[in-house]
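This is protein-v5.tsv. It holds TSV, C-alpha atoms.
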```
chain	number	residue	atom	x	y	z
A	1	MET	CA	32.70	-29.33	-5.64
A	2	ARG	CA	35.77	-27.96	-7.40
A	3	TRP	CA	35.58	-24.40	-8.64
A	4	GLN	CA	38.06	-22.50	-10.76
A	5	GLY	CA	39.16	-19.28	-9.13
A	6	GLN	CA	37.10	-19.79	-5.99
A	7	THR	CA	37.56	-17.50	-3.00
A	8	LEU	CA	36.71	-18.61	0.50
A	9	ASP	CA	38.57	-16.49	3.04
A	10	ALA	CA	36.26	-13.49	3.36
A	11	VAL	CA	33.12	-15.57	3.36
A	12	GLN	CA	34.49	-18.12	5.79
A	13	SER	CA	35.52	-15.42	8.28
A	14	GLU	CA	31.96	-14.12	8.25
A	15	LEU	CA	30.70	-17.61	9.02
A	16	ASP	CA	33.27	-18.04	11.83
A	17	ASP	CA	31.87	-14.90	13.41
A	18	GLY	CA	28.46	-16.57	13.56
A	19	ALA	CA	26.86	-14.04	11.23
A	20	LEU	CA	24.75	-16.64	9.44
A	21	PRO	CA	23.32	-18.97	12.10
A	22	GLY	CA	20.46	-20.02	9.84
A	23	LEU	CA	22.92	-21.48	7.36
A	24	ALA	CA	24.78	-23.28	10.10
A	25	ARG	CA	21.54	-24.97	11.10
A	26	ALA	CA	21.01	-25.95	7.46
A	27	GLY	CA	24.17	-28.11	7.41
A	28	LEU	CA	26.65	-25.64	5.95
A	29	VAL	CA	29.90	-27.15	4.68
A	30	ARG	CA	31.46	-24.09	3.04
A	31	SER	CA	30.65	-20.93	1.10
A	32	VAL	CA	32.04	-20.30	-2.35
A	33	GLN	CA	32.47	-17.33	-4.67
A	34	THR	CA	33.70	-17.57	-8.25
A	35	PRO	CA	34.40	-15.08	-11.06
A	36	ASP	CA	31.86	-16.89	-13.24
A	37	PHE	CA	29.10	-15.69	-10.88
A	38	GLU	CA	30.08	-12.16	-9.92
A	39	GLY	CA	28.29	-10.97	-6.80
A	40	ILE	CA	26.89	-14.42	-5.98
A	41	THR	CA	27.82	-16.56	-2.98
A	42	PHE	CA	27.01	-20.27	-3.01
A	43	HIS	CA	26.54	-21.90	0.37
A	44	GLU	CA	27.13	-25.63	0.01
A	45	VAL	CA	25.16	-27.71	2.51
A	46	LEU	CA	24.65	-31.38	3.26
A	47	CYS	CA	20.92	-31.93	3.49
A	48	LYS	CA	19.40	-34.54	5.78
A	49	SER	CA	16.38	-35.14	3.55
A	50	ALA	CA	15.52	-34.56	-0.10
A	51	LEU	CA	11.80	-35.29	-0.32
A	52	ASN	CA	9.51	-32.57	1.02
A	53	LYS	CA	5.94	-33.54	1.86
A	54	VAL	CA	3.33	-31.01	0.75
A	55	PRO	CA	0.65	-30.14	3.35
A	56	PRO	CA	-2.72	-31.72	2.41
A	57	GLU	CA	-4.51	-28.38	2.73
A	58	SER	CA	-2.53	-26.95	-0.20
A	59	ALA	CA	-4.68	-29.03	-2.61
A	60	LEU	CA	-1.82	-29.45	-5.08
A	61	PRO	CA	-1.74	-32.18	-7.75
A	62	PHE	CA	1.33	-33.71	-6.07
A	63	ARG	CA	2.31	-34.56	-2.50
A	64	PHE	CA	6.10	-34.47	-2.69
A	65	THR	CA	8.70	-32.04	-3.99
A	66	VAL	CA	12.48	-31.88	-4.29
A	67	ASN	CA	14.36	-28.57	-4.18
A	68	THR	CA	18.03	-28.59	-5.16
A	69	PHE	CA	18.60	-24.91	-4.30
A	70	ARG	CA	17.32	-22.28	-1.88
A	71	GLY	CA	17.51	-18.81	-3.35
A	72	CYS	CA	17.64	-18.15	-7.07
A	73	THR	CA	19.81	-16.08	-9.40
A	74	HIS	CA	16.83	-15.57	-11.72
A	75	ALA	CA	16.08	-12.62	-9.38
A	76	CYS	CA	12.42	-12.37	-10.40
A	77	ARG	CA	10.94	-9.42	-8.56
A	78	TYR	CA	7.62	-11.18	-7.99
A	79	CYS	CA	8.96	-14.58	-6.82
A	80	PHE	CA	6.64	-16.01	-4.16
A	81	ALA	CA	9.50	-18.11	-2.69
A	82	ARG	CA	11.41	-15.07	-1.43
A	83	PRO	CA	10.10	-15.26	2.17
A	84	THR	CA	11.59	-18.78	2.54
A	85	HIS	CA	15.06	-17.20	2.74
A	86	GLU	CA	14.09	-15.57	6.02
A	87	TYR	CA	14.13	-19.01	7.67
A	88	LEU	CA	17.89	-18.97	7.06
A	89	ASP	CA	18.28	-15.53	8.68
A	90	LEU	CA	18.78	-14.04	5.23
A	91	ASP	CA	16.62	-11.34	3.67
A	92	ALA	CA	14.01	-11.95	1.00
A	93	GLY	CA	15.39	-9.29	-1.33
A	94	THR	CA	19.01	-9.07	-2.41
A	95	ASP	CA	20.05	-12.08	-0.31
A	96	PHE	CA	17.52	-14.28	-2.09
A	97	ASP	CA	19.08	-13.30	-5.43
A	98	THR	CA	22.74	-13.51	-4.37
A	99	GLN	CA	23.03	-15.97	-1.45
A	100	VAL	CA	22.16	-19.35	-2.96
A	101	VAL	CA	22.08	-22.51	-0.87
A	102	VAL	CA	23.17	-25.64	-2.77
A	103	LYS	CA	22.22	-29.11	-1.49
A	104	THR	CA	25.31	-30.84	-2.84
A	105	ASN	CA	24.30	-34.33	-1.64
A	106	VAL	CA	20.64	-34.10	-2.65
A	107	ALA	CA	20.76	-36.87	-5.29
A	108	ALA	CA	22.38	-39.39	-2.92
A	109	VAL	CA	19.92	-38.59	-0.13
A	110	LEU	CA	17.00	-38.83	-2.54
A	111	ARG	CA	18.13	-42.23	-3.77
A	112	ARG	CA	18.18	-43.53	-0.19
A	113	GLU	CA	14.70	-42.17	0.51
A	114	LEU	CA	13.27	-43.66	-2.67
A	115	ALA	CA	14.68	-47.07	-1.75
A	116	LYS	CA	12.66	-47.27	1.48
A	117	ARG	CA	9.88	-49.84	1.58
A	118	SER	CA	7.50	-47.13	2.74
A	119	TRP	CA	7.92	-45.12	-0.48
A	120	LYS	CA	4.73	-45.43	-2.58
A	121	ARG	CA	6.17	-44.01	-5.82
A	122	GLU	CA	3.97	-40.95	-5.79
A	123	THR	CA	4.65	-38.13	-8.24
A	124	VAL	CA	7.50	-35.81	-7.26
A	125	ALA	CA	7.55	-32.19	-8.46
A	126	LEU	CA	10.69	-30.17	-9.12
A	127	GLY	CA	10.71	-26.41	-9.63
A	128	THR	CA	7.89	-25.61	-7.23
A	129	ASN	CA	10.00	-23.33	-5.03
A	130	THR	CA	13.22	-22.28	-6.76
A	131	ASP	CA	14.32	-23.23	-10.25
A	132	PRO	CA	16.35	-26.48	-10.52
A	133	TYR	CA	17.79	-25.25	-13.82
A	134	GLN	CA	19.00	-21.85	-12.69
A	135	ARG	CA	22.53	-21.08	-13.87
A	136	ALA	CA	24.27	-22.81	-10.95
A	137	GLU	CA	22.99	-26.17	-12.18
A	138	GLY	CA	25.52	-25.87	-14.99
A	139	ARG	CA	28.24	-26.04	-12.34
A	140	TYR	CA	26.82	-28.40	-9.76
A	141	ARG	CA	25.03	-30.82	-12.13
A	142	LEU	CA	22.55	-32.03	-9.52
A	143	MET	CA	19.66	-32.80	-11.86
A	144	PRO	CA	21.08	-35.83	-13.76
A	145	GLY	CA	21.48	-37.71	-10.49
A	146	ILE	CA	17.97	-36.76	-9.39
A	147	ILE	CA	16.38	-37.72	-12.72
A	148	THR	CA	18.18	-41.07	-12.69
A	149	ALA	CA	17.22	-41.81	-9.08
A	150	LEU	CA	13.55	-41.06	-9.75
A	151	ALA	CA	13.39	-43.10	-12.95
A	152	GLU	CA	15.22	-46.10	-11.55
A	153	SER	CA	12.94	-46.17	-8.49
A	154	GLY	CA	9.81	-46.09	-10.65
A	155	THR	CA	8.78	-42.63	-9.42
A	156	PRO	CA	6.87	-40.30	-11.80
A	157	PHE	CA	8.03	-36.69	-11.74
A	158	SER	CA	7.44	-33.23	-13.17
A	159	ILE	CA	9.75	-30.29	-13.81
A	160	LEU	CA	8.85	-26.60	-14.06
A	161	THR	CA	11.61	-24.23	-15.16
A	162	LYS	CA	12.60	-20.95	-16.76
A	163	GLY	CA	16.09	-22.35	-17.34
A	164	THR	CA	17.31	-23.38	-20.78
A	165	LEU	CA	19.83	-25.70	-19.09
A	166	LEU	CA	17.05	-28.28	-19.23
A	167	ARG	CA	18.02	-28.86	-22.88
A	168	ARG	CA	21.22	-30.51	-21.68
A	169	ASP	CA	19.18	-33.22	-19.97
A	170	LEU	CA	16.59	-33.87	-22.70
A	171	PRO	CA	18.24	-37.17	-23.78
A	172	LEU	CA	18.28	-38.34	-20.16
A	173	LEU	CA	14.68	-37.23	-19.68
A	174	ALA	CA	13.66	-39.12	-22.81
A	175	LEU	CA	15.21	-42.27	-21.37
A	176	ALA	CA	13.49	-41.65	-18.03
A	177	SER	CA	10.12	-41.28	-19.77
A	178	ARG	CA	10.40	-44.88	-20.94
A	179	GLN	CA	10.39	-45.94	-17.30
A	180	VAL	CA	8.04	-43.44	-15.61
A	181	PRO	CA	5.65	-40.62	-16.56
A	182	VAL	CA	7.61	-37.37	-17.00
A	183	SER	CA	5.91	-33.96	-17.22
A	184	LEU	CA	7.83	-30.90	-18.45
A	185	SER	CA	6.66	-27.29	-18.13
A	186	VAL	CA	8.27	-23.96	-19.01
A	187	SER	CA	7.50	-20.65	-17.31
A	188	LEU	CA	7.16	-17.75	-19.77
A	189	ALA	CA	5.01	-14.83	-18.65
A	190	ILE	CA	6.66	-11.83	-20.32
A	191	GLY	CA	7.13	-11.58	-24.07
A	192	ASP	CA	8.67	-8.10	-24.12
A	193	THR	CA	12.44	-8.53	-23.74
A	194	GLU	CA	13.08	-5.11	-22.20
A	195	LEU	CA	10.40	-5.62	-19.55
A	196	GLN	CA	11.55	-9.19	-18.94
A	197	GLN	CA	15.09	-8.02	-18.26
A	198	ALA	CA	13.80	-5.41	-15.81
A	199	ILE	CA	11.58	-7.79	-13.83
A	200	GLU	CA	13.40	-11.12	-14.32
A	201	PRO	CA	17.01	-9.96	-14.86
A	202	GLY	CA	18.66	-13.34	-14.31
A	203	THR	CA	16.40	-15.41	-16.57
A	204	PRO	CA	16.92	-16.51	-20.18
A	205	THR	CA	15.29	-14.27	-22.76
A	206	PRO	CA	11.77	-14.96	-24.04
A	207	ARG	CA	13.29	-16.11	-27.35
A	208	ALA	CA	15.56	-18.58	-25.57
A	209	ARG	CA	12.61	-20.02	-23.65
A	210	LEU	CA	10.52	-20.30	-26.81
A	211	ASP	CA	13.39	-22.27	-28.32
A	212	LEU	CA	13.35	-24.48	-25.20
A	213	ILE	CA	9.63	-25.15	-25.67
A	214	ARG	CA	10.31	-26.18	-29.26
A	215	ALA	CA	13.19	-28.44	-28.19
A	216	ILE	CA	10.98	-30.15	-25.58
A	217	ALA	CA	8.23	-30.70	-28.14
A	218	ASP	CA	10.73	-31.99	-30.71
A	219	ALA	CA	12.01	-34.45	-28.11
A	220	GLY	CA	8.53	-35.99	-27.97
A	221	PHE	CA	7.18	-34.36	-24.80
A	222	ASP	CA	4.05	-32.33	-24.28
A	223	CYS	CA	5.26	-28.95	-23.05
A	224	HIS	CA	2.92	-27.04	-20.77
A	225	VAL	CA	3.61	-23.31	-20.39
A	226	MET	CA	3.03	-21.20	-17.32
A	227	VAL	CA	1.96	-17.77	-18.55
A	228	ALA	CA	2.22	-16.66	-14.97
A	229	PRO	CA	2.17	-14.44	-13.24
A	230	VAL	CA	0.33	-11.92	-15.35
A	231	ILE	CA	1.48	-8.57	-13.97
A	232	PRO	CA	-1.38	-6.06	-13.77
A	233	TYR	CA	-1.08	-3.04	-16.06
A	234	LEU	CA	2.29	-4.24	-17.40
A	235	THR	CA	1.67	-7.60	-19.11
A	236	ASP	CA	-2.13	-7.86	-19.23
A	237	SER	CA	-2.83	-5.92	-22.41
A	238	THR	CA	-4.45	-7.70	-25.35
A	239	THR	CA	-1.47	-6.75	-27.51
A	240	HIS	CA	1.06	-8.33	-25.16
A	241	LEU	CA	-0.96	-11.46	-24.44
A	242	ASP	CA	-1.89	-12.03	-28.08
A	243	ALA	CA	1.74	-11.83	-29.21
A	244	LEU	CA	2.88	-14.08	-26.36
A	245	PHE	CA	0.22	-16.74	-26.95
A	246	ALA	CA	0.92	-16.72	-30.67
A	247	ALA	CA	4.63	-17.30	-30.04
A	248	ILE	CA	3.96	-20.04	-27.49
A	249	SER	CA	1.62	-21.83	-29.88
A	250	GLU	CA	4.10	-21.54	-32.73
A	251	ALA	CA	6.79	-23.05	-30.50
A	252	GLY	CA	4.68	-26.18	-30.05
A	253	ALA	CA	3.28	-25.85	-26.52
A	254	SER	CA	0.51	-28.23	-25.52
A	255	GLY	CA	-1.37	-25.90	-23.17
A	256	VAL	CA	-1.09	-22.96	-20.81
A	257	THR	CA	-1.78	-21.98	-17.23
A	258	VAL	CA	-2.61	-18.32	-16.58
A	259	PHE	CA	-3.02	-16.50	-13.28
A	260	PRO	CA	-2.43	-12.97	-11.99
A	261	MET	CA	0.49	-11.99	-9.77
A	262	HIS	CA	0.10	-12.43	-6.04
A	263	LEU	CA	2.29	-10.58	-3.55
A	264	ARG	CA	2.57	-12.39	-0.25
A	265	GLY	CA	4.77	-11.53	2.69
A	266	SER	CA	8.04	-9.76	1.99
A	267	THR	CA	7.65	-10.29	-1.76
A	268	ARG	CA	5.05	-7.52	-1.73
A	269	GLY	CA	7.45	-4.86	-0.49
A	270	TRP	CA	10.26	-6.02	-2.78
A	271	PHE	CA	8.06	-5.77	-5.87
A	272	LEU	CA	6.29	-2.55	-4.91
A	273	ASN	CA	9.61	-0.82	-4.22
A	274	TRP	CA	10.67	-1.70	-7.75
A	275	LEU	CA	7.33	-0.52	-9.12
A	276	ALA	CA	7.60	2.80	-7.29
A	277	GLU	CA	11.01	3.41	-8.83
A	278	HIS	CA	10.24	2.35	-12.39
A	279	HIS	CA	6.46	2.84	-12.76
A	280	PRO	CA	5.39	5.27	-10.01
A	281	ALA	CA	2.14	6.11	-11.79
A	282	LEU	CA	0.93	2.56	-11.10
A	283	ILE	CA	1.31	2.61	-7.32
A	284	ARG	CA	-2.15	4.05	-6.67
A	285	ARG	CA	-3.75	1.51	-9.00
A	286	TYR	CA	-1.95	-1.32	-7.23
A	287	ARG	CA	-3.19	-0.12	-3.87
A	288	GLN	CA	-6.72	-0.22	-5.23
A	289	LEU	CA	-6.24	-3.62	-6.86
A	290	TYR	CA	-4.50	-5.41	-3.97
A	291	GLY	CA	-5.64	-3.36	-1.00
A	292	ARG	CA	-3.70	-4.58	2.03
A	293	GLY	CA	-3.77	-8.16	0.88
A	294	ALA	CA	-1.74	-10.40	-1.39
A	295	TYR	CA	-4.29	-11.08	-4.13
A	296	VAL	CA	-6.06	-9.11	-6.83
A	297	THR	CA	-9.77	-8.48	-6.59
A	298	PRO	CA	-12.30	-11.06	-7.87
A	299	GLU	CA	-13.32	-8.52	-10.49
A	300	TYR	CA	-9.81	-8.41	-11.92
A	301	LYS	CA	-9.63	-12.21	-12.01
A	302	ALA	CA	-12.88	-12.34	-13.96
A	303	TRP	CA	-11.70	-9.58	-16.28
A	304	LEU	CA	-8.45	-11.43	-16.97
A	305	ARG	CA	-10.30	-14.67	-17.65
A	306	GLY	CA	-12.46	-12.88	-20.18
A	307	ARG	CA	-9.43	-11.41	-21.90
A	308	VAL	CA	-7.42	-14.64	-22.01
A	309	SER	CA	-10.05	-17.24	-22.88
A	310	PRO	CA	-10.59	-16.13	-26.51
A	311	LEU	CA	-6.83	-16.00	-27.09
A	312	VAL	CA	-6.37	-19.50	-25.71
A	313	GLU	CA	-9.05	-20.78	-28.07
A	314	THR	CA	-7.63	-18.88	-31.04
A	315	TYR	CA	-4.18	-20.37	-30.60
A	316	GLY	CA	-5.27	-23.91	-29.78
A	317	LEU	CA	-4.03	-23.90	-26.19
A	318	GLY	CA	-7.33	-24.82	-24.59
A	319	VAL	CA	-8.69	-27.77	-22.67
A	320	ASP	CA	-8.28	-31.27	-24.06
A	321	PRO	CA	-11.83	-32.74	-24.02
A	322	SER	CA	-10.43	-36.03	-22.75
A	323	ARG	CA	-9.20	-34.33	-19.59
A	324	ALA	CA	-11.06	-33.18	-16.53
A	325	GLU	CA	-12.42	-29.67	-16.26
A	326	PRO	CA	-9.71	-27.13	-15.40
A	327	VAL	CA	-9.54	-25.92	-11.83
A	328	ALA	CA	-8.14	-22.76	-10.31
A	329	PRO	CA	-4.56	-23.36	-9.16
A	330	PRO	CA	-3.95	-23.40	-5.41
A	331	ARG	CA	-2.50	-20.30	-3.84
A	332	GLU	CA	0.77	-21.72	-2.54
A	333	LEU	CA	2.41	-23.42	-5.52
A	334	VAL	CA	1.04	-23.52	-9.01
A	335	GLY	CA	1.45	-25.55	-12.15
A	336	ALA	CA	4.31	-27.92	-11.42
A	337	GLY	CA	2.31	-31.10	-11.79
A	338	ALA	CA	0.34	-32.79	-14.52
A	339	ALA	CA	-1.69	-29.67	-15.22
A	340	PRO	CA	-4.80	-29.54	-17.40
A	341	ALA	CA	-4.32	-27.95	-20.80
A	342	LEU	CA	-5.74	-24.66	-19.57
A	343	THR	CA	-6.00	-23.29	-16.07
A	344	LEU	CA	-7.27	-19.80	-15.37
A	345	PHE	CA	-7.15	-18.35	-11.87
```
Take the structure from the file and write it as structure tokens.
Amino acid sequence: MRWQGQTLDAVQSELDDGALPGLARAGLVRSVQTPDFEGITFHEVLCKSALNKVPPESALPFRFTVNTFRGCTHACRYCFARPTHEYLDLDAGTDFDTQVVVKTNVAAVLRRELAKRSWKRETVALGTNTDPYQRAEGRYRLMPGIITALAESGTPFSILTKGTLLRRDLPLLALASRQVPVSLSVSLAIGDTELQQAIEPGTPTPRARLDLIRAIADAGFDCHVMVAPVIPYLTDSTTHLDALFAAISEAGASGVTVFPMHLRGSTRGWFLNWLAEHHPALIRRYRQLYGRGAYVTPEYKAWLRGRVSPLVETYGLGVDPSRAEPVAPPRELVGAGAAPALTLF
């Protein structure tokens, strides 16, 4: 990859000192910094495989995923993928937001894997771990090669994103949909711009994502929306949810998935530290709601279902009678497949 104004010396010396052995194991080629991404380091690697097989016990609606990046500049405080950075000997907090691993050869490797006789053309999900349309995709342009490889091999696929860069690829996705089933979903859980910037500081604004939903619908796709996670005591009010569902419906969404925030592993500490700084009055309530675990109480889940269900019906985002009954999303990865029109966890 060629970058304008790239700087390598300081980063490379750190690597020469063996400070990042996890990255070395991941196939590191070089690390890059650029003025366009202040404070971010991109670690370019050559991956050995592109397709990831999902464990059967996860009960997801797909068995294979592709991840173009590890780490994400969206910097969502609640991101469940944060602990995966620890496998690279990086931390799940600031490093996850600022040390982004880029699989520069992922499209070529994927094409080879899809060409194998053993490949059964099962659905492949993108966006289940980190966002394939985070800002770096504008530089590395990995997705066009992946979309083309999947379509030409006859492999159905789905994409879940917060990134408005997907609009760039809508013409290509429309062409791909003539060859294979293509499912597109947008994640939009926070309608209040000030709160969104505090919790998801690297993401496009709610307005920009609503415009993306409209663009996807105008391109002829059903656009499913992940209203997830719902953040207890911050985004679960009737006022907030009503305004958000109204906007999503107006933008042309086909259905929604809703579930409350879970806080597993090191994500829990990262989020609760932020909460203690910005909303200290909520800490006691969170301790009661989550206890020592990662999930809200069954009572809260039932309460949220009762609050959301009437809004979903009001705004026409409910279950299509021709589809199967909705099911609760699995705990590990949610919503990046051919989801039912409404899922409530």
Contact table region 200-237 of chain A vs region 184-189 of chain A, cut-off 8 Å, shortest pair per residue, only C-alpha atoms, as CSV:
```
residue,atom,partner,partner_atom,distance
A:Pro206,CA,A:Leu188,CA,6.9
A:Arg209,CA,A:Leu188,CA,7.1
A:Ile213,CA,A:Val186,CA,6.9
A:Ile216,CA,A:Leu184,CA,7.8
A:Phe221,CA,A:Leu184,CA,7.3
A:Asp222,CA,A:Leu184,CA,7.1
A:Cys223,CA,A:Ser185,CA,5.4
A:His224,CA,A:Ser185,CA,4.6
A:Val225,CA,A:Val186,CA,4.9
A:Met226,CA,A:Ser187,CA,4.5
A:Val227,CA,A:Ala189,CA,4.2
A:Ala228,CA,A:Ala189,CA,5.0
A:Pro229,CA,A:Ala189,CA,6.1
A:Val230,CA,A:Ala189,CA,6.4
A:Thr235,CA,A:Ala189,CA,8.0
```
File dump, residues just selected, C-alpha atoms, as a JSON list (two decimals), in the coordinates of the input:
```json
[["chain", "number", "residue", "atom", "x", "y", "z"],
["A", 206, "PRO", "CA", 11.77, -14.96, -24.04],
["A", 209, "ARG", "CA", 12.61, -20.02, -23.65],
["A", 213, "ILE", "CA", 9.63, -25.15, -25.67],
["A", 216, "ILE", "CA", 10.98, -30.15, -25.58],
["A", 221, "PHE", "CA", 7.18, -34.36, -24.80],
["A", 222, "ASP", "CA", 4.05, -32.33, -24.28],
["A", 223, "CYS", "CA", 5.26, -28.95, -23.05],
["A", 224, "HIS", "CA", 2.92, -27.04, -20.77],
["A", 225, "VAL", "CA", 3.61, -23.31, -20.39],
["A", 226, "MET", "CA", 3.03, -21.20, -17.32],
["A", 227, "VAL", "CA", 1.96, -17.77, -18.55],
["A", 228, "ALA", "CA", 2.22, -16.66, -14.97],
["A", 229, "PRO", "CA", 2.17, -14.44, -13.24],
["A", 230, "VAL", "CA", 0.33, -11.92, -15.35],
["A", 235, "THR", "CA", 1.67, -7.60, -19.11]]
```
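Using all atoms listed in the file for every distance, the candidate list A:Gly138, A:Gly27, A:Gly306, A:Gly93 yields A:Gly93 as the residue closest to Thr267 (chain A).
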Within 7 Å of file point (21.0, -18.0, 3.0), counting only C-alpha atoms, expressed as a PyMOL selection string: chain A and resi 23+85+88-90+95+99-101
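Compared by their closest atoms to Leu311 (chain A), and using all atoms listed in the file, the residues A:Thr148, A:Thr297, A:Thr238, A:Ser49 rank with A:Thr238 nearest.
Here CA of Arg135 (chain A) and CA of Pro201 (chain A) stand 12.5 Å from one another.
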Counting all atoms listed in the file, the option among A:Cys47, A:Leu289, A:Ala92, A:Leu317 closest to Gly71 (chain A): A:Ala92
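Residue nearest Val54 (chain A), chosen from A:Val102, A:Thr128, A:Ala176, A:Pro83 and counting all atoms listed in the file: A:Thr128.
In terms of minimum interatomic distance to Ser237 (chain A), A:Gly191 ranks closest within A:Gly316, A:Gly191, A:Pro156, A:Gly163, counting only C-alpha atoms.
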Two-atom distance - CA of Lys162 (chain A), CA of Pro132 (chain A) (Å): 9.1 Å
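One distance worth recording is that between CA of Glu86 (chain A) and CA of Pro232 (chain A), which is 26.9 Å.
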9 Å contact set for His240 (chain A), all atoms listed in the file, chain neighbours under 4 positions out, as an MDAnalysis selection string: chainID A and resid 190:192 234:236 244:245
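Checking A:Ile199, A:Val45, A:Ala115, A:Ile147 one by one against Leu28 (chain A), counting all atoms listed in the file, you find the shortest gap at A:Val45.
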Long-range neighbours of Val109 (chain A) as a VMD selection string, 8 Å cut-off, all atoms listed in the file, 2 positions minimum in chain: chain A and resid 47 to 50 105 to 107 111 to 113
Written selection (C-alpha atoms) as a JSON list (two decimals), keeping the file's coordinate frame:
```
[["chain", "number", "residue", "atom", "x", "y", "z"],
["A", 47, "CYS", "CA", 20.92, -31.93, 3.49],
["A", 48, "LYS", "CA", 19.40, -34.54, 5.78],
["A", 49, "SER", "CA", 16.38, -35.14, 3.55],
["A", 50, "ALA", "CA", 15.52, -34.56, -0.10],
["A", 105, "ASN", "CA", 24.30, -34.33, -1.64],
["A", 106, "VAL", "CA", 20.64, -34.10, -2.65],
["A", 107, "ALA", "CA", 20.76, -36.87, -5.29],
["A", 111, "ARG", "CA", 18.13, -42.23, -3.77],
["A", 112, "ARG", "CA", 18.18, -43.53, -0.19],
["A", 113, "GLU", "CA", 14.70, -42.17, 0.51]]
```
Would you place a box with edges along x, y and z of the file around all atoms of region 239-248 of chain A listed there, add 6 Å to each of its six sides, and report the centre and edge lengths in Å to one decimal, as JSON?
```
{"center_x": 1.4, "center_y": -13.4, "center_z": -27.6, "size_x": 18.5, "size_y": 25.3, "size_z": 18.2}
```
Shell around Arg82 (chain A) at 12 Å using all atoms listed in the file, local window under 5 positions removed, as an NGL selection string: :A and (70-77 or 87-88 or 90-100 or 129-130 or 263-271)
